[in-house]
Each structure stands twice: as C-alpha cells, then as structure tokens.
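Have a look at the structure below before the remarks.
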Amino acid sequence: MSGTDTTARSRPRDAEKADAPVICPSCARVLEAEPNFCVSCGADLRGLGATSDTLSGLDASQTIDGRYRVLEKLGEGGMGAVFKVEHVRMGKIAALKVLRPDVALDKAMKARFLQESRVVAKLSHPNTVQVFDAGELDDGALFMAMEYLPGKDLAWHLKAHGPMSEEKCVAIAVQLLSSLSEAHEAGIIHRDIKPANVMLVRRRKGGDEQVKLLDFGIAKLAEGDGRSSTTGEFIGTPAYMSPEQVRGDPVDARSDLYAIGALLFELATGRQLYTGPTAVSIIKQHLETPVPRLSEFAPQVPVSPGFEQVVRTALEKEPGKRFADAEAMKRALEALRGAVKVPTRDLTPMPDELAGRMLSREDFDQYERRLRAQRVLWPLAVVVTLLVVAGLAVRGLQTVRLVTAASVEAEPNDQVARATLIALGAPVKGAMGAAGEGEGDRDLFVAQLPEAGRYRLTLSGVADLNLTLEVLQLERVTAEGAGPEGKGAPAERLARRLFLDDQGVGDGERVDGLELAAGAVYLRVEEQAFVTEQPRPPREKSLVPYTLALEAMPGAVHAEVEPNDTALTAQPLPLTRAIDAWAGARVDEVERLTEQRPQAPFSAVDVYKVSEVPLAEQVVVAVVPPAEGALAVVDEAQLEAWHQRKASSAQGRPAPPPPAKVVKGLPELVALEPCADGVRRLRVSSVSAVAGAPYRLAAATSGPNGVAGLVDLVRALEASPSAQAAIIDGATRTLRSSPELTRLLEGRARK
C-alpha cells in the first residue's frame with residue numbers, strides 16, 4: 001500500500017453535517033436517517049446523505065493503491081463514488097468505484113466484498129461490465145477497478161426519448177439476458193437490475209454496438225450486512241424488486257428475470273410497473289397487485305401478443321411460474337424476431353482520443369501475468385534450476401522441461417491470458433469452429449523467443465475457409481501525461497508486427513524472414529472474408545483442423561527481413577553485399593488488391609530500396625531467381641508514374657499498369673529510376689515460384705566502387721558458371737566504366 005501522499009483518503013466528516021437530516025427533493029419529507037430511498041415517495045436518495053459525500057474531496061492527480069491516478073469524478077451514490085482513472089503503469093483508462101469507509105466497517109463485510117469481487121471478475125461476457133481489480137485502502141475504504149464506459153445509461157435514454165419500440169426492447173433484453181446467463185451459471189445474482197445500471201455504448205467508431213450490465217455483487221454485499229428492506233433502506237430498487245426480494249426470502253436467478261420484466265414494461269410504456277405515494281405502497285403492489293397490460297398505459301406503442309406474454313410471464317408473483325432461467329426467456333424473445341440490434345442513433349460512440357486507451361481484461365491480465373512472473377516465477381526458476389543441476393549431477397539426466405508446450409490447441413484460447421503455449425520449431429494442431437452467435441472462432445497461441453532474429457511462419461489451408469494470421473508482440477510506449485511531474489511514463493502494449501492474409505479460401509499462409517524481438521510472440525488465427533469476397537459474417541465449421549508452425553531461420557547475416565511489403569517498409573539493399581531472400585506466394589493483380597486493402601499489405605510482395613545515391617549515377621539490381629519458378633520484378637518509379645496516369649485519367653480509360661520483367665532461369669539486371677523522393681525501389685513478387693523458394697539480390701551503381709555487391713554475388717555463385725556469366729555480361733553492358741568490374745573481368749579471364 002502506498003503512503004498517505006498517494007493514497008485516496010476520505011474527507012473528515014463535519015459532526016454537525018453528519019447529524020443533519022435528509023430532505024427528499026421529490027416530496028420534501030424530512031428524513032432522520034440516511035435511507036437509499038424515500039419512505040414516502042420511493043425517490044432515489046443515494047448520494048444525498050451527509051456521509052455519502054465523504055469522497056467528494058478526492059482531488060485529480062491523486063493515486064489510489066499506487067496504480068490508479070484519478071482523472072475526474074463520474075458520479076456518487078449511497079455507498080460511495082465512481083471515478084475515471086488512469087492505470088499509471090499501462091497508461092490505460094478505467095473506472096474505479098470506491099466505497100465509503102463507513103460502509104465497510106465490518107470485517108466480515110470486507111471479506112464478502114473481496115470474495116464477491118473475485119467472483120465477478122471471472123465474468124467475461126461482452127454484455128457484462130468487466131471487473132479487473134479490487135482491494136482495501138489504508139482508511140478502510142474498498143475499491144473496485146472496472147471497464148470504463150463512456151456514454152449514457154438507459155435511464156437517461158428513457159428520459160430523453162421516451163418509450164421504445166418492441167424491436168428495441170427485445171434487442172436490449174436479449175443482451176442483458178446473455179449477460180445474466182453467464183452470471184447465474186457462476187452463482188451470481190444481480191439483485192439490482194434497473195435502467196441506471198444498463199449502459200448503451202459503442203466500443204469504437206463503426207464498431208460493435210453493445211448493452212452493458214453494471215454493478216454485479218453490490219446488492220449482495222449490502223444484503224449480507226444484515227440491512228433490512230422494511231426500514232426504508234431497501235436492498236435493490238423498489239420499482240424493480242421481485243416479491244420474494246420484498247419479503248426478504250432467499251432469491252435466485254428468477255428474481256433477476258422479474259426485474260428484467262419490470263424493465264421491459266418501463267421501456268415499452270415509459271412508466272414504471274408500479275407507482276405510489278410511498279415506497280411501502282410500491283413494494284406492496286409487487287406482492288398483491290396484478291400485472292397491468294402494456295396497452296393500458298401505452299396504447300400508442302403497439303406490441304405483439306407474444307411480447308406481452310413474455311413480459312407477463314417474467315412478472316409472475318410466484319418464481320415457479322416464471323421462465324426457468326435467463327436462456328429460456330432469451331429464447332422466447334428471440335422467437336419474436338430474427339437478429340436483434342440496438343439502433344445506432346441511440347448509442348454513444350467512443351471519442352477518437354479514447355480509442356486504444358481503454359483498459360481491457362486482456363490488458364490487465366497481461367500486466368498481472370508479467371508482475372507474477374517478476375515476483376514469483378524468476379525466484380522459482382532459480383530454485384528449480386538449482387534442483388535440476390543437482391539432479392543432473394546425481395542421476396545423469398540429459399534434459400528437464402520446466403514448461404510443457406502444447407502440440408494441440410487448448411480451448412478456450414481466445415484471450416491473451418488463455419493463449420496456448422507452443423514450442424519453437426514444433427507444429428501445433430488447431431481447429432477452427434464457431435465461437436458464438438455473430439462471431440467466428442479466434443485461436444491465440446504464444447511462443448517464447450530466446451533471442452531476436454528472423455523467423456518463419458506457416459499456416460495450413462482449410463477447405464472452404466479463409467484463415468488469417470496476425471502476429472503481435474509487446475512494445476514499450478509512453479503514456480501521455482503519465483509519470484512524475486506530468487512526464488510520460490513507460491508502459492507496454494500488444495502491437496501488430498504482421499497481418500498475413502495473402503491467399504484466399506482454402507489456401508495456406510507463409511512468411512519467411514519475419515523479424516521478431518526476443519520474448520513472447522502471440523499468433524492469432526481467425527476466419528474472415530478475403531479481400532476479393534463480399535463482406536460476410538464468419539463461416540461456421542465444426543472443428544476443421546489446421547496446422548501452425550513458428551521456427552527460427554538460421555543462415556546468412558545478410559538476408560531479407562519481413563515486413564518489407566510497402567514503400568515505407570522497403571528493405572535497404574547494401575552496395576557491398578548480396579542478400580538472400582525468399583519468394584512469397586503468388587498474388588494476382590496485387591496492385592488492385594492493395595488498393596482494396598490498404599491497411600493490411602500483402603506480405604507476398606517484397607520491396608527493396610537503394611538510397612543515398614546521387615541522381616546522376618545509374619543503379620541496377622541483379623536478381624537471381626529460384627532454381628524452379630519465376631519472379632516478377634517491377635521498378636517502383638514506373639508504378640508511381642502509372643498511379644499518376646491512372647489518377648489523371650479518372651474520367652477516361654485507365655492507363656495500363658507497367659509490365660513486369662519476368663526473371664526465370666538465369667539472373668537479370670534491372671535498371672532503377674529515381675522515385676519522387678529520389679530513392680530507387682524494386683518490387684519483387686512470385687509468378688510461379690513456390691512460397692519460401694530462395695532467391696538472391698545485389699545492387700550496384702555506376703559510381704566509384706559501385707559494383708562491390710555484384711562482386712559478392714558472383715563469388716557466391718561459384719557453382720553456377722552460367723549464372724556468373726549472365727551477371728558479368730549484363731553488368732558489362734550496363735556499367736562499363738567501373739574499375740572494380742574491370743578487375744573482376746580480368747580475374748575471370750585468368751581463371
């Protein structure tokens with residue numbers, strides 16, 4: 001726990017203020033205690049009491065638990081306040097609920113809170129707000145770190161827009177029931193479902209639209225403290241409480257379904273299920289008053305008989321007459337219509353400046369794993385190593401494997417924390433299936449690289465499916481505004497190293513010479529439409545097998561380094577050395593496809609550059625093709641000119657693309673013109689070569705000592721006199737004035 005200068009502490013309460021009564025803003029009744037709801041009219045009073053503002057003195061820039069820096073206060077309630085915070089080490093935004101110290105005076109209550117938080121943190125459904133962390137501060141206050149959700153809750157939308165259509169009601173309820181289904185299976189009952197605990201958000205601009213259910217576990221915490229629902233301090237909200245909840249009887253999942261029914265009634269009519277002058281009168285109606293029909297209160301909002309029946313079944317007084325579980329109610333709603341979706345106009349898009357800065361379960365789990373590795377695994381590794389050494393001395397053991405890598409995918413492995421560990425150089429078998437409604441399967445693997453270098457990745461093809469492969473590694477970043485005195489603090493995040501989708505349906509993927517740093521590398525396999533296909537949802541298959549392999553590539557120091565598939569990532573060609581390279585798979589009409597998918601270049605294309613050469617000097621590149629197959633070679637300057645002609649002829653017939661030089665059998669020299677920035681660039685792709693087939697390159701200029709690269713290439717081809725002759729003859733015709741070339745020719749003549 002951090003010191004007092006960085007720990008959030010509550011403001012001392014003024015004695016007179018603590019004794020001041022609470023006045024209900026709705027009915028003006030003076031209340032001596034601090035109830036959550038007015039005993040007369042049932043108004044929500046949470047946050048109005050003298051002790052409910054004990055956290056309002058928390059200043060921005062304070063750090064809670066040494067890791068959460070307060071940015072701003074989002075709201076306050078009867079049990080505490082919620083703050084927007086930044087994780088100081090990861091630079092990610094989260095929400096932090098801090099409960100008042102007086103709420104958690106009982107040690108048993110603290111234990112229940114921490115235990116409940118751990119259970120809720122296991123919930124991972126996309127319609128449930130994600131809880132990452134929980135703990136206790138020096139002053140006794142309890143905190144819970146969770147997913148930050150910019151946007152408006154359902155209560156705001158009801159006030160702003162009024163009753164909703166049946167279609168929208170079904171859309172919201174289906175997502176809430178999906179969240180509850182996972183929670184109920186884990187033994188968690190929400191107990192306080194209401195519009196204020198439902199957020200309508202869009203995860204990112206143009207991204208998925210979601211309903212999020214908030215505040216799992218808090219009502220159970222209060223209930224466990226022995227608070228009475230008959231003294232005016234209700235556990236839950238009177239308008240949505242089930243009869244058994246009102247009576248104080250044990251509740252189960254069907255109590256949450258009753259609350260969903262009351263919520264649907266309000267969404268469809270614009271008014272609460274039961275209203276009255278006092279909270280007691282409201283809860284009495286839950287016990288005795290028959291459920292009114294929707295048409296009685298909102299005849300202008302038509303609903304189907306099926307929807308009316310679903311609501312009435314959920315609102316049965318006896319739990320045994322309601323739906324058996326959340327899945328049963330969800331199926332009943334889905335039967336009313338097909339795919340449901342919350343209309344975009346009523347959702348709040350995430351601001352662009354927040355994109356990529358939101359703390360997620362994946363981020364937090366990765367961070368915690370690194371901490372555990374530092375605190376536990378390294379000392380353990382030392383001990384285990386000593387034991388291994390002792391074992392070797394006594395028993396003559398040859399090898400000991402401390403961690404066993406999998407040869408078969410271990411589901412579920414769709415998140416970083418659940419990634420299947422694989423061994424370098426050993427293929428792993430995976431299976432592509434359907435993960436859920438509207439989503440395709442996502443398989444995540446992780447390998448530990450002993451050192452930085454070049455690696456080969458291969459992914460087998462699957463009939464009727466198009467598999468993609470994404471490579472990610474941790475990179476250090478500086479979080480804006482983080483760190484002491486506002487300076488940037490280093491953090492780490494997963495960054496894409498390569499997206500591989502060169503081949504379409506049924507074909508495999510391969511990349512050679514991929515440059516990776518030492519440490520963990522994550523490989524994500526997914527099924528999605530290829531660039532030439534029409535947009536479509538992921539295709540469902542029943543565990544279709546595939547094979548994935550990652551292996552190191554020993555060999556020459558001077559070699560191709562992926563990614564080098566665009567002008568920005570073009571690999572420099574040295575003028576003193578030849579380099580080894582590997583052909584990619586054939587991609588037809590690569591220019592057209594690249595225009596359709598500019599955000600993910602095709603790795604099958606290799607781009608090289610020769611820079612810092614005077615414009616007056618001539619530049620050539622010798623290309624030695626694979627033993628079998630042919631390469632297509634294009635001067636990038638010609639491509640630039642073609643793009644300009646194409647743009648200028650937008651209203652007429654497009655200019656034809658520049659013809660590629662096909663190199664097959666013997667080497668050929670390709671002369672390069674300067675591009676617009678003065679750099680010479682060469683593009684190489686496969687015409688008929690097998691993916692991974694080796695080829696060689698060497699650059700030369702007409703300047704002094706400009707053919708050293710060609711000399712290196714010729715010497716490397718000693719076993720192929722015809723290839724040597726082709727390079728020398730071509731260089732003789734192109735670069736006649738080079739002294740180094742002259743010496744090379746003289747040496748060849750002497751041989």
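For the structure tokens, the naming scheme is as follows: chains receive sequential letters (A, B, ...) according to their order of presentation, residues are indexed from 1 within each chain, and ligands are indexed from 1 in presentation order.
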Report as JSON lines the residues of segment 576-674 of chain A within 9 Å of segment 685-690 of chain A, each with its shortest atom pair and distance in Å (one decimal), using only C-alpha atoms, ordered by chain and increasing residue number.
{"residue": "A:Ala583", "atom": "CA", "partner": "A:Ser686", "partner_atom": "CA", "distance": 6.2}
{"residue": "A:Gly584", "atom": "CA", "partner": "A:Ser686", "partner_atom": "CA", "distance": 6.2}
{"residue": "A:Ala585", "atom": "CA", "partner": "A:Ser686", "partner_atom": "CA", "distance": 6.3}
{"residue": "A:Arg586", "atom": "CA", "partner": "A:Ser686", "partner_atom": "CA", "distance": 4.9}
{"residue": "A:Val587", "atom": "CA", "partner": "A:Ser686", "partner_atom": "CA", "distance": 7.5}
{"residue": "A:Asp588", "atom": "CA", "partner": "A:Val687", "partner_atom": "CA", "distance": 8.6}
{"residue": "A:Ala604", "atom": "CA", "partner": "A:Ser685", "partner_atom": "CA", "distance": 6.5}
{"residue": "A:Val605", "atom": "CA", "partner": "A:Ser685", "partner_atom": "CA", "distance": 5.0}
{"residue": "A:Asp606", "atom": "CA", "partner": "A:Ser685", "partner_atom": "CA", "distance": 6.4}
{"residue": "A:Val607", "atom": "CA", "partner": "A:Ser685", "partner_atom": "CA", "distance": 8.9}
{"residue": "A:Pro625", "atom": "CA", "partner": "A:Ala689", "partner_atom": "CA", "distance": 8.7}
{"residue": "A:Pro626", "atom": "CA", "partner": "A:Ala689", "partner_atom": "CA", "distance": 7.1}
{"residue": "A:Ala627", "atom": "CA", "partner": "A:Ala689", "partner_atom": "CA", "distance": 8.9}
{"residue": "A:Glu628", "atom": "CA", "partner": "A:Ala689", "partner_atom": "CA", "distance": 6.4}
{"residue": "A:Gly629", "atom": "CA", "partner": "A:Ala689", "partner_atom": "CA", "distance": 3.9}
{"residue": "A:Ala630", "atom": "CA", "partner": "A:Ser688", "partner_atom": "CA", "distance": 5.2}
{"residue": "A:Leu631", "atom": "CA", "partner": "A:Ser686", "partner_atom": "CA", "distance": 4.7}
{"residue": "A:Ala632", "atom": "CA", "partner": "A:Ser685", "partner_atom": "CA", "distance": 5.2}
{"residue": "A:Val633", "atom": "CA", "partner": "A:Ser685", "partner_atom": "CA", "distance": 6.7}
{"residue": "A:Val634", "atom": "CA", "partner": "A:Ser685", "partner_atom": "CA", "distance": 8.8}
{"residue": "A:Val662", "atom": "CA", "partner": "A:Val687", "partner_atom": "CA", "distance": 7.7}
Save the residues we just selected, N, CA, C and O atoms, as a PDB file, in the first residue's frame?
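So again-v5.pdb came out as:
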ATOM      1  N   ALA A 583      10.887 -16.148 -51.755  1.00  0.00           N
ATOM      2  CA  ALA A 583       9.703 -15.785 -52.533  1.00  0.00           C
ATOM      3  C   ALA A 583       8.437 -15.996 -51.711  1.00  0.00           C
ATOM      4  O   ALA A 583       8.340 -16.929 -50.912  1.00  0.00           O
ATOM      5  N   GLY A 584       7.467 -15.110 -51.929  1.00  0.00           N
ATOM      6  CA  GLY A 584       6.166 -15.290 -51.305  1.00  0.00           C
ATOM      7  C   GLY A 584       5.240 -16.046 -52.233  1.00  0.00           C
ATOM      8  O   GLY A 584       5.594 -16.384 -53.371  1.00  0.00           O
ATOM      9  N   ALA A 585       4.045 -16.318 -51.746  1.00  0.00           N
ATOM     10  CA  ALA A 585       3.058 -16.984 -52.592  1.00  0.00           C
ATOM     11  C   ALA A 585       2.586 -16.032 -53.691  1.00  0.00           C
ATOM     12  O   ALA A 585       2.654 -14.812 -53.555  1.00  0.00           O
ATOM     13  N   ARG A 586       2.105 -16.578 -54.774  1.00  0.00           N
ATOM     14  CA  ARG A 586       1.649 -15.756 -55.888  1.00  0.00           C
ATOM     15  C   ARG A 586       0.360 -15.019 -55.518  1.00  0.00           C
ATOM     16  O   ARG A 586      -0.573 -15.616 -54.975  1.00  0.00           O
ATOM     17  N   VAL A 587       0.322 -13.732 -55.805  1.00  0.00           N
ATOM     18  CA  VAL A 587      -0.872 -12.911 -55.603  1.00  0.00           C
ATOM     19  C   VAL A 587      -1.174 -12.208 -56.925  1.00  0.00           C
ATOM     20  O   VAL A 587      -0.412 -11.343 -57.357  1.00  0.00           O
ATOM     21  N   ASP A 588      -2.237 -12.600 -57.572  1.00  0.00           N
ATOM     22  CA  ASP A 588      -2.603 -11.982 -58.844  1.00  0.00           C
ATOM     23  C   ASP A 588      -3.196 -10.592 -58.619  1.00  0.00           C
ATOM     24  O   ASP A 588      -3.896 -10.351 -57.632  1.00  0.00           O
ATOM     25  N   ALA A 604       3.397 -11.221 -49.480  1.00  0.00           N
ATOM     26  CA  ALA A 604       3.976 -11.951 -50.603  1.00  0.00           C
ATOM     27  C   ALA A 604       4.784 -11.039 -51.511  1.00  0.00           C
ATOM     28  O   ALA A 604       5.567 -11.507 -52.338  1.00  0.00           O
ATOM     29  N   VAL A 605       4.595  -9.729 -51.378  1.00  0.00           N
ATOM     30  CA  VAL A 605       5.351  -8.752 -52.171  1.00  0.00           C
ATOM     31  C   VAL A 605       6.558  -8.286 -51.356  1.00  0.00           C
ATOM     32  O   VAL A 605       6.434  -7.946 -50.182  1.00  0.00           O
ATOM     33  N   ASP A 606       7.735  -8.255 -51.979  1.00  0.00           N
ATOM     34  CA  ASP A 606       8.957  -7.774 -51.326  1.00  0.00           C
ATOM     35  C   ASP A 606       9.407  -6.488 -52.000  1.00  0.00           C
ATOM     36  O   ASP A 606       9.522  -6.430 -53.233  1.00  0.00           O
ATOM     37  N   VAL A 607       9.636  -5.447 -51.206  1.00  0.00           N
ATOM     38  CA  VAL A 607      10.075  -4.160 -51.737  1.00  0.00           C
ATOM     39  C   VAL A 607      11.453  -3.841 -51.163  1.00  0.00           C
ATOM     40  O   VAL A 607      11.667  -3.935 -49.949  1.00  0.00           O
ATOM     41  N   PRO A 625      16.941 -15.726 -59.715  1.00  0.00           N
ATOM     42  CA  PRO A 625      15.663 -16.374 -59.393  1.00  0.00           C
ATOM     43  C   PRO A 625      15.871 -17.710 -58.700  1.00  0.00           C
ATOM     44  O   PRO A 625      16.984 -18.252 -58.669  1.00  0.00           O
ATOM     45  N   PRO A 626      14.814 -18.285 -58.145  1.00  0.00           N
ATOM     46  CA  PRO A 626      14.914 -19.630 -57.549  1.00  0.00           C
ATOM     47  C   PRO A 626      15.254 -20.662 -58.621  1.00  0.00           C
ATOM     48  O   PRO A 626      15.125 -20.411 -59.824  1.00  0.00           O
ATOM     49  N   ALA A 627      15.690 -21.819 -58.181  1.00  0.00           N
ATOM     50  CA  ALA A 627      16.034 -22.895 -59.116  1.00  0.00           C
ATOM     51  C   ALA A 627      14.826 -23.285 -59.956  1.00  0.00           C
ATOM     52  O   ALA A 627      14.974 -23.652 -61.125  1.00  0.00           O
ATOM     53  N   GLU A 628      13.650 -23.207 -59.384  1.00  0.00           N
ATOM     54  CA  GLU A 628      12.427 -23.504 -60.114  1.00  0.00           C
ATOM     55  C   GLU A 628      11.437 -22.365 -59.910  1.00  0.00           C
ATOM     56  O   GLU A 628      11.316 -21.812 -58.830  1.00  0.00           O
ATOM     57  N   GLY A 629      10.739 -22.033 -60.976  1.00  0.00           N
ATOM     58  CA  GLY A 629       9.759 -20.965 -60.875  1.00  0.00           C
ATOM     59  C   GLY A 629      10.317 -19.638 -61.350  1.00  0.00           C
ATOM     60  O   GLY A 629      11.514 -19.497 -61.644  1.00  0.00           O
ATOM     61  N   ALA A 630       9.472 -18.636 -61.446  1.00  0.00           N
ATOM     62  CA  ALA A 630       9.852 -17.330 -61.965  1.00  0.00           C
ATOM     63  C   ALA A 630       9.395 -16.232 -61.018  1.00  0.00           C
ATOM     64  O   ALA A 630       8.430 -16.380 -60.261  1.00  0.00           O
ATOM     65  N   LEU A 631      10.113 -15.082 -61.086  1.00  0.00           N
ATOM     66  CA  LEU A 631       9.791 -13.900 -60.300  1.00  0.00           C
ATOM     67  C   LEU A 631       9.366 -12.770 -61.224  1.00  0.00           C
ATOM     68  O   LEU A 631       9.838 -12.668 -62.363  1.00  0.00           O
ATOM     69  N   ALA A 632       8.486 -11.904 -60.708  1.00  0.00           N
ATOM     70  CA  ALA A 632       8.105 -10.693 -61.423  1.00  0.00           C
ATOM     71  C   ALA A 632       8.788  -9.517 -60.745  1.00  0.00           C
ATOM     72  O   ALA A 632       8.679  -9.338 -59.524  1.00  0.00           O
ATOM     73  N   VAL A 633       9.501  -8.696 -61.524  1.00  0.00           N
ATOM     74  CA  VAL A 633      10.277  -7.578 -60.987  1.00  0.00           C
ATOM     75  C   VAL A 633       9.782  -6.294 -61.634  1.00  0.00           C
ATOM     76  O   VAL A 633       9.666  -6.209 -62.864  1.00  0.00           O
ATOM     77  N   VAL A 634       9.492  -5.273 -60.800  1.00  0.00           N
ATOM     78  CA  VAL A 634       8.961  -4.006 -61.298  1.00  0.00           C
ATOM     79  C   VAL A 634       9.717  -2.858 -60.658  1.00  0.00           C
ATOM     80  O   VAL A 634       9.994  -2.877 -59.448  1.00  0.00           O
ATOM     81  N   VAL A 662       9.916 -10.599 -66.131  1.00  0.00           N
ATOM     82  CA  VAL A 662       9.868 -11.950 -65.591  1.00  0.00           C
ATOM     83  C   VAL A 662      11.278 -12.526 -65.595  1.00  0.00           C
ATOM     84  O   VAL A 662      11.927 -12.605 -66.644  1.00  0.00           O
TER      85      VAL A 662
END
With only C-alpha atoms as the counted atoms, please give the residues lying no more than 10 Å from Arg456 of chain A, apart from itself and same-chain residues fewer than 5 positions off, as a PyMOL selection string.
chain A and resi 425+510-515+549-553+562+692
Please dump the current selection as a compact mmCIF listing (two decimals), in the first residue's frame; keep all heavy atoms.
# COMPACT_ATOMS: atom_id res chain seq x y z
N GLY A 425 9.62 -24.28 -33.44
CA GLY A 425 10.04 -25.34 -34.34
C GLY A 425 9.18 -26.58 -34.31
O GLY A 425 9.44 -27.53 -35.06
N ARG A 510 2.14 -18.23 -45.53
CA ARG A 510 3.54 -18.44 -45.16
C ARG A 510 4.29 -17.13 -45.27
O ARG A 510 4.04 -16.33 -46.18
CB ARG A 510 4.19 -19.49 -46.07
CG ARG A 510 5.70 -19.63 -45.85
CD ARG A 510 6.27 -20.79 -46.60
NE ARG A 510 7.72 -20.85 -46.49
CZ ARG A 510 8.44 -21.94 -46.64
NH1 ARG A 510 7.84 -23.09 -46.92
NH2 ARG A 510 9.76 -21.91 -46.54
N VAL A 511 5.21 -16.91 -44.33
CA VAL A 511 6.10 -15.76 -44.41
C VAL A 511 7.47 -16.21 -43.91
O VAL A 511 7.59 -16.95 -42.94
CB VAL A 511 5.57 -14.57 -43.58
CG1 VAL A 511 5.50 -14.91 -42.10
CG2 VAL A 511 6.42 -13.33 -43.80
N ASP A 512 8.51 -15.79 -44.64
CA ASP A 512 9.89 -16.12 -44.29
C ASP A 512 10.65 -14.85 -43.95
O ASP A 512 10.44 -13.80 -44.58
CB ASP A 512 10.59 -16.83 -45.45
CG ASP A 512 9.95 -18.16 -45.79
OD1 ASP A 512 8.98 -18.17 -46.56
OD2 ASP A 512 10.43 -19.18 -45.28
N GLY A 513 11.54 -14.94 -42.97
CA GLY A 513 12.38 -13.80 -42.63
C GLY A 513 11.68 -12.75 -41.78
O GLY A 513 12.08 -11.59 -41.81
N LEU A 514 10.66 -13.13 -41.03
CA LEU A 514 9.95 -12.17 -40.19
C LEU A 514 10.83 -11.80 -39.01
O LEU A 514 11.25 -12.65 -38.24
CB LEU A 514 8.63 -12.78 -39.71
CG LEU A 514 7.79 -11.91 -38.77
CD1 LEU A 514 7.40 -10.60 -39.44
CD2 LEU A 514 6.56 -12.67 -38.30
N GLU A 515 11.07 -10.52 -38.86
CA GLU A 515 11.95 -10.04 -37.78
C GLU A 515 11.14 -9.87 -36.50
O GLU A 515 10.17 -9.10 -36.45
CB GLU A 515 12.59 -8.71 -38.16
CG GLU A 515 13.64 -8.24 -37.17
CD GLU A 515 14.36 -7.00 -37.65
OE1 GLU A 515 13.67 -6.07 -38.11
OE2 GLU A 515 15.59 -6.96 -37.57
N ALA A 549 2.94 -23.36 -37.46
CA ALA A 549 4.32 -23.60 -37.05
C ALA A 549 5.10 -22.30 -37.06
O ALA A 549 4.93 -21.48 -37.97
CB ALA A 549 4.98 -24.63 -37.95
N LEU A 550 5.95 -22.13 -36.06
CA LEU A 550 6.86 -20.99 -35.95
C LEU A 550 8.25 -21.56 -35.73
O LEU A 550 8.47 -22.34 -34.80
CB LEU A 550 6.46 -20.08 -34.79
CG LEU A 550 7.42 -18.95 -34.43
CD1 LEU A 550 7.50 -17.93 -35.57
CD2 LEU A 550 7.00 -18.27 -33.14
N GLU A 551 9.21 -21.17 -36.59
CA GLU A 551 10.56 -21.70 -36.46
C GLU A 551 11.60 -20.63 -36.75
O GLU A 551 11.36 -19.70 -37.53
CB GLU A 551 10.76 -22.89 -37.40
CG GLU A 551 10.45 -22.59 -38.86
CD GLU A 551 10.54 -23.83 -39.72
OE1 GLU A 551 11.54 -24.56 -39.61
OE2 GLU A 551 9.60 -24.07 -40.52
N ALA A 552 12.75 -20.77 -36.10
CA ALA A 552 13.86 -19.85 -36.33
C ALA A 552 14.49 -20.13 -37.68
O ALA A 552 14.43 -21.26 -38.18
CB ALA A 552 14.89 -19.98 -35.22
N MET A 553 15.11 -19.10 -38.27
CA MET A 553 15.75 -19.24 -39.58
C MET A 553 17.24 -18.94 -39.46
O MET A 553 17.66 -17.78 -39.60
CB MET A 553 15.09 -18.31 -40.59
CG MET A 553 13.64 -18.63 -40.88
SD MET A 553 12.94 -17.60 -42.19
CE MET A 553 13.93 -18.11 -43.59
N GLU A 562 11.40 -9.38 -43.15
CA GLU A 562 9.98 -9.02 -43.22
C GLU A 562 9.58 -8.25 -41.96
O GLU A 562 10.15 -8.48 -40.89
CB GLU A 562 9.12 -10.29 -43.34
CG GLU A 562 9.20 -10.98 -44.68
CD GLU A 562 8.29 -10.35 -45.72
OE1 GLU A 562 7.65 -9.33 -45.42
OE2 GLU A 562 8.23 -10.89 -46.83
N GLY A 692 8.43 -19.50 -50.26
CA GLY A 692 9.60 -19.87 -49.48
C GLY A 692 10.81 -20.24 -50.32
O GLY A 692 11.90 -20.48 -49.77
With only C-alpha atoms as the counted atoms, please give the residues lying no more than 8 Å from Leu336 of chain A, apart from itself and same-chain residues fewer than 4 positions off, as a ChimeraX atom specification.
/A:306-307,332
Those residues you just picked out, can you put them in a file as a short mmCIF file (atom, residue, chain, number, x, y, z; two decimals), in the first residue's frame with C-alpha atoms?
data_model
loop_
_atom_site.label_atom_id
_atom_site.label_comp_id
_atom_site.auth_asym_id
_atom_site.auth_seq_id
_atom_site.Cartn_x
_atom_site.Cartn_y
_atom_site.Cartn_z
CA GLY A 306 -46.02 -12.62 -27.88
CA PHE A 307 -44.07 -9.74 -26.35
CA ALA A 332 -38.73 -16.62 -26.02
#
Can you list every residue in segment 562-738 of chain A that DSSP puts in alpha helix (DSSP H), as a ChimeraX atom specification?
/A:590-596,636-648,708-716,721-734
Quick one: residues within 8 Å of Glu668 of chain A, only C-alpha atoms, excluding same-chain residues fewer than 2 positions away - as a PyMOL selection string?
chain A and resi 622-624+663+666+670+726-727+730
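Closest to Pro163 of chain A among A:Cys675, A:Leu465, A:Val301, A:Ala259 is A:Val301, based on only C-alpha atoms.
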